[in-house]
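See below for protein_14.pdb, which holds PDB, C-alpha atoms, pLDDT in the B column.
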```
ATOM      1  CA  MET A 175     -27.771  42.512  -0.266  1.00 63.00           C
ATOM      2  CA  THR A 176     -29.382  45.787  -1.318  1.00 75.00           C
ATOM      3  CA  ARG A 177     -31.042  48.213   1.065  1.00 75.00           C
ATOM      4  CA  ALA A 178     -34.461  47.485  -0.513  1.00 75.00           C
ATOM      5  CA  THR A 179     -33.992  43.742  -0.010  1.00 75.00           C
ATOM      6  CA  MET A 180     -32.978  44.334   3.598  1.00 72.00           C
ATOM      7  CA  GLU A 181     -36.030  46.520   4.262  1.00 78.00           C
ATOM      8  CA  ASP A 182     -38.296  43.930   2.641  1.00 76.00           C
ATOM      9  CA  ARG A 183     -36.865  41.164   4.844  1.00 76.00           C
ATOM     10  CA  LYS A 184     -37.260  43.328   7.924  1.00 78.00           C
ATOM     11  CA  GLN A 185     -40.912  44.081   7.186  1.00 82.00           C
ATOM     12  CA  ASN A 186     -41.818  40.457   6.442  1.00 84.00           C
ATOM     13  CA  PHE A 187     -39.902  38.892   9.329  1.00 88.00           C
ATOM     14  CA  HIS A 188     -41.851  37.408  12.225  1.00 90.00           C
ATOM     15  CA  GLN A 189     -40.249  37.072  15.657  1.00 94.00           C
ATOM     16  CA  ASP A 190     -41.759  33.585  16.154  1.00 95.00           C
ATOM     17  CA  ILE A 191     -41.154  30.413  14.184  1.00 97.00           C
ATOM     18  CA  ASP A 192     -42.971  27.077  14.456  1.00 96.00           C
ATOM     19  CA  VAL A 193     -40.943  23.927  13.763  1.00 96.00           C
ATOM     20  CA  ARG A 194     -43.322  21.418  15.366  1.00 94.00           C
ATOM     21  CA  GLY A 195     -43.637  18.218  13.363  1.00 91.00           C
ATOM     22  CA  MET A 196     -40.459  18.750  11.344  1.00 93.00           C
ATOM     23  CA  ARG A 197     -37.677  16.178  11.191  1.00 93.00           C
ATOM     24  CA  GLY A 198     -34.600  17.101  13.205  1.00 92.00           C
ATOM     25  CA  ASP A 199     -32.387  18.081  10.260  1.00 94.00           C
ATOM     26  CA  GLU A 200     -35.190  20.062   8.628  1.00 96.00           C
ATOM     27  CA  ALA A 201     -35.941  21.903  11.880  1.00 96.00           C
ATOM     28  CA  ILE A 202     -32.279  22.778  12.469  1.00 96.00           C
ATOM     29  CA  ASP A 203     -31.906  24.091   8.911  1.00 97.00           C
ATOM     30  CA  THR A 204     -35.024  26.240   9.365  1.00 97.00           C
ATOM     31  CA  VAL A 205     -33.834  27.529  12.745  1.00 97.00           C
ATOM     32  CA  MET A 206     -30.378  28.316  11.339  1.00 96.00           C
ATOM     33  CA  HIS A 207     -31.862  30.547   8.618  1.00 95.00           C
ATOM     34  CA  PHE A 208     -34.302  32.097  11.101  1.00 96.00           C
ATOM     35  CA  ILE A 209     -31.545  32.981  13.597  1.00 96.00           C
ATOM     36  CA  ASP A 210     -29.263  34.297  10.816  1.00 93.00           C
ATOM     37  CA  ASP A 211     -32.036  36.569   9.552  1.00 92.00           C
ATOM     38  CA  ALA A 212     -32.883  37.739  13.093  1.00 94.00           C
ATOM     39  CA  ILE A 213     -29.241  38.660  13.706  1.00 93.00           C
ATOM     40  CA  LEU A 214     -28.978  40.363  10.301  1.00 89.00           C
ATOM     41  CA  ILE A 215     -32.108  42.407  10.974  1.00 90.00           C
ATOM     42  CA  GLY A 216     -30.901  43.317  14.457  1.00 90.00           C
ATOM     43  CA  LEU A 217     -33.587  41.781  16.652  1.00 93.00           C
ATOM     44  CA  SER A 218     -32.880  41.326  20.337  1.00 95.00           C
ATOM     45  CA  ARG A 219     -35.330  38.471  21.021  1.00 96.00           C
ATOM     46  CA  VAL A 220     -37.057  35.718  19.034  1.00 97.00           C
ATOM     47  CA  ARG A 221     -39.144  32.672  19.937  1.00 97.00           C
ATOM     48  CA  ILE A 222     -38.945  29.140  18.567  1.00 96.00           C
ATOM     49  CA  LEU A 223     -42.022  26.942  18.984  1.00 95.00           C
ATOM     50  CA  HIS A 224     -40.894  23.313  18.967  1.00 94.00           C
ATOM     51  CA  GLY A 225     -43.585  21.560  20.960  1.00 89.00           C
ATOM     52  CA  THR A 226     -43.205  19.399  24.028  1.00 80.00           C
ATOM     53  CA  GLY A 227     -40.351  20.397  26.273  1.00 64.00           C
ATOM     54  CA  THR A 228     -39.087  16.821  26.522  1.00 72.00           C
ATOM     55  CA  GLY A 229     -38.873  16.271  22.763  1.00 80.00           C
ATOM     56  CA  ILE A 230     -35.785  15.842  20.626  1.00 88.00           C
ATOM     57  CA  LEU A 231     -36.388  19.102  18.723  1.00 92.00           C
ATOM     58  CA  ARG A 232     -35.899  21.137  21.897  1.00 92.00           C
ATOM     59  CA  GLN A 233     -32.623  19.372  22.594  1.00 92.00           C
ATOM     60  CA  LEU A 234     -31.320  19.742  19.021  1.00 94.00           C
ATOM     61  CA  ILE A 235     -32.288  23.408  18.851  1.00 95.00           C
ATOM     62  CA  ARG A 236     -30.664  24.206  22.191  1.00 95.00           C
ATOM     63  CA  GLN A 237     -27.467  22.411  21.143  1.00 96.00           C
ATOM     64  CA  TYR A 238     -27.368  24.428  17.931  1.00 96.00           C
ATOM     65  CA  LEU A 239     -28.068  27.738  19.703  1.00 97.00           C
ATOM     66  CA  ALA A 240     -25.161  27.073  22.089  1.00 97.00           C
ATOM     67  CA  THR A 241     -22.823  27.208  19.061  1.00 96.00           C
ATOM     68  CA  VAL A 242     -24.032  30.594  17.777  1.00 96.00           C
ATOM     69  CA  PRO A 243     -21.823  33.433  19.081  1.00 96.00           C
ATOM     70  CA  ASN A 244     -24.591  36.071  18.839  1.00 96.00           C
ATOM     71  CA  VAL A 245     -26.957  34.101  21.101  1.00 97.00           C
ATOM     72  CA  LYS A 246     -26.747  35.527  24.618  1.00 97.00           C
ATOM     73  CA  LYS A 247     -29.264  33.191  26.189  1.00 96.00           C
ATOM     74  CA  ALA A 248     -31.772  30.496  25.239  1.00 96.00           C
ATOM     75  CA  LYS A 249     -34.407  29.648  27.828  1.00 94.00           C
ATOM     76  CA  ASP A 250     -37.893  28.211  28.238  1.00 92.00           C
ATOM     77  CA  GLU A 251     -40.799  30.576  27.746  1.00 91.00           C
ATOM     78  CA  HIS A 252     -42.742  31.527  30.857  1.00 89.00           C
ATOM     79  CA  VAL A 253     -45.226  28.782  31.810  1.00 86.00           C
ATOM     80  CA  GLN A 254     -48.228  31.040  31.075  1.00 85.00           C
ATOM     81  CA  PHE A 255     -47.018  31.531  27.504  1.00 84.00           C
ATOM     82  CA  GLY A 256     -46.043  27.985  26.534  1.00 82.00           C
ATOM     83  CA  GLY A 257     -43.332  26.893  28.957  1.00 87.00           C
ATOM     84  CA  ALA A 258     -40.792  24.313  27.814  1.00 85.00           C
ATOM     85  CA  GLY A 259     -42.487  23.927  24.420  1.00 91.00           C
ATOM     86  CA  ILE A 260     -41.110  27.319  23.349  1.00 93.00           C
ATOM     87  CA  THR A 261     -37.503  28.505  23.461  1.00 95.00           C
ATOM     88  CA  VAL A 262     -36.937  32.226  23.893  1.00 97.00           C
ATOM     89  CA  VAL A 263     -33.652  33.368  22.365  1.00 98.00           C
ATOM     90  CA  ASP A 264     -31.933  36.599  23.409  1.00 97.00           C
ATOM     91  CA  LEU A 265     -29.554  37.940  20.753  1.00 97.00           C
ATOM     92  CA  GLU A 266     -26.698  40.422  20.897  1.00 92.00           C
TER      93      GLU A 266
END
```
Please express the file's structure as structure tokens.
Amino acid sequence: MTRATMEDRKQNFHQDIDVRGMRGDEAIDTVMHFIDDAILIGLSRVRILHGTGTGILRQLIRQYLATVPNVKKAKDEHVQFGGAGITVVDLE
């Protein structure tokens, strides 16, 4: 990857992603690329909006995040900012 490509990715990257309404496999694929890019860019925190905190997407995403070595912690967003419908991911 060239330096220009890296800078372009960094400028166009958003720290939040919305996977509500996606099928499980589609959501996991999207989250995988999102987390890879966040790690590559060097971000320390990102947010994944997956909807209701009791849904299957939350469970699938958390299971995936537990397998990523660069993920320090994955937790629910503060209740005032979306609660269990959003996972906040702290990266190394």
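The space between CA of Met206 in chain A and CA of Gly225 in chain A spans 17.7 Å.
This file, filtered with the PyMOL selection byres ((chain A and resi 261) around 9), gives the residues Val220, Arg221, Ile222, Leu223, His224, Arg232, Ile235, Arg236, Ala248, Lys249, Asp250, Glu251, Gly257, Ala258, Gly259, Ile260, Val262 and Val263 of chain A.
With distances restricted to all atoms listed in the file, A:Gly229 is the closest residue to Gly198 in chain A from A:Ala240, A:Gly229, A:Val245, A:Val253.
Against the coordinates shown, the PyMOL selection byres ((chain A and resi 244) around 10) returns A:Ile209, A:Asp210, A:Ile213, A:Ser218, A:Leu239, A:Ala240, A:Thr241, A:Val242, A:Pro243, A:Val245, A:Lys246, A:Lys247, A:Asp264, A:Leu265, A:Glu266.
Proximity to Phe187 in chain A was assessed for A:Gln233, A:Phe255, A:Thr228, A:Leu217 counting only C-alpha atoms; the smallest distance is recorded for A:Leu217.
As for CA of Ile230 in chain A and CA of Gly256 in chain A, they are spaced 17.0 Å apart.
Proximity to Ala201 in chain A was assessed for A:Leu231, A:His252, A:Thr226, A:Gln237 counting all atoms listed in the file; the smallest distance is recorded for A:Leu231.
CA of Thr176 in chain A lies 24.1 Å from CA of Asp203 in chain A.
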